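*Asks:* Below you'll find the structure I mean.
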Amino acid sequence: IFFIADEVFLLGFGKGPNGARNGLKENGKTVFDAYTSYNMYANRFVVDGESASDFMFRESLPIFEPWAKETIFYPNVLPMYHDFRGNKPLVGNALQFREQLDTFACLPRPSWYDGDYPEIMFVTSFNEWWEGSQVEPDEMDRYGFTFIDELKKFKEEGIQCTPI
């Protein structure tokens, strides 16, 4: 069994691996096999009118990088966000979504990483209609299959990281 903990978040102890409290280390060993972030949205950090990608690059990438350097970390991508509860929306389109896929697929790995782990990325989320972050085509045909098509192209083309 491969356990992945949803530990990473914009606020509090989940901002960095050294401050994590949910089992990052127990007697010097990690409790979980890998770490992820379910959803990095935080209303107070949203700039009016910005895209989900701009938000993720500004707020999430600086948090994702240290996690990726020290643990097996599986990032999430956020196509857009509009949750109908009064939170600030994040707009998005398929090309911006692809930028997130390309960037987060190329996060650094720990020095001890041996390539023995699967390459995984989470999408927040396939059909989260309440939060307006879905990539599944909707009945109103606002964006058709564009997000699904980008996911398909990304998988077919493979990860193309530029060496730093």
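Residue numbering restarts at 1 for every chain of the structure tokens, chains are lettered A, B, ... in their displayed order, and ligands are numbered from 1 as they appear.
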Pick out each residue of chain A that DSSP on the backbone tags as alpha helix (DSSP H); I need them as a PyMOL selection string.
*Replies:* chain A and resi 52-55+61-70+94-104+146-157
*Asks:* Excluding segment 47-63 of chain A and residues on its chain fewer than 5 positions from it, collect all residues at most 9 Å away from it, counting only C-alpha atoms, and give them as a VMD selection string.
*Replies:* chain A and resid 8 to 10 14 to 16 40 to 41 68 77 to 81 88 to 93 96 to 97 99 to 100 103 to 104 107
*Asks:* My list of candidates is A:Phe147, A:Phe45, A:Phe3, A:Tyr35. Which is closest to Arg98 of chain A when distances are computed with only C-alpha atoms?
*Replies:*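 Looking at the shortest contact to Arg98 of chain A, the residue is A:Phe147.
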*Asks:* Quick one: of A:Met121, A:Ala105, A:Asn18, A:Asn43, who's nearest to Ile4 of chain A, counting only C-alpha atoms?
*Replies:* A:Met121
*Asks:* Of the candidates A:Val31, A:Tyr74, A:Phe64, A:Phe84, which shows the shortest atom-to-atom distance to Tyr117 of chain A, using only C-alpha atoms?
*Replies:* A:Tyr74
*Asks:* Which residue gives the smallest distance to Pro75 of chain A among A:Val135, A:Ala42, A:Ala94, A:Leu101, with only C-alpha atoms counted?
*Replies:* A:Leu101
*Asks:* Can you list, as a PyMOL selection string, every residue of segment 47-85 of chain A that DSSP puts in strand (DSSP E)?
*Replies:* chain A and resi 73-74+76-77
*Asks:* What is the atom CA of Tyr143 of chain A-atom CA of Leu95 of chain A distance in Å, reported with one decimal?
*Replies:*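 Calculated distance between atom CA of Tyr143 of chain A and atom CA of Leu95 of chain A is 11.7 Å.
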*Asks:* Determine, counting only C-alpha atoms, which protein, DNA and RNA residues have an atom within 12 Å of an atom of Ile1 of chain A; residues of the same chain fewer than 4 positions away are not included. Present the result as a list in words.
*Replies:*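 Everything that qualifies: Phe32, Asp33 and Ala34 of chain A.
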*Asks:* May I have the residues from that selection written out with N, CA, C and O atoms, as a PDB file, in the first residue's frame?
*Replies:*
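Saved as part-v6.pdb:
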```pdb
ATOM      1  N   PHE A  32       4.347   8.626   5.772  1.00  0.00           N
ATOM      2  CA  PHE A  32       3.687   8.492   4.479  1.00  0.00           C
ATOM      3  C   PHE A  32       4.713   8.286   3.374  1.00  0.00           C
ATOM      4  O   PHE A  32       5.861   8.690   3.487  1.00  0.00           O
ATOM      5  N   ASP A  33       4.269   7.683   2.292  1.00  0.00           N
ATOM      6  CA  ASP A  33       5.149   7.448   1.153  1.00  0.00           C
ATOM      7  C   ASP A  33       5.320   8.692   0.296  1.00  0.00           C
ATOM      8  O   ASP A  33       6.336   8.853  -0.375  1.00  0.00           O
ATOM      9  N   ALA A  34       4.302   9.553   0.277  1.00  0.00           N
ATOM     10  CA  ALA A  34       4.337  10.756  -0.546  1.00  0.00           C
ATOM     11  C   ALA A  34       3.373  11.782   0.036  1.00  0.00           C
ATOM     12  O   ALA A  34       2.566  11.477   0.920  1.00  0.00           O
TER      13      ALA A  34
END
```
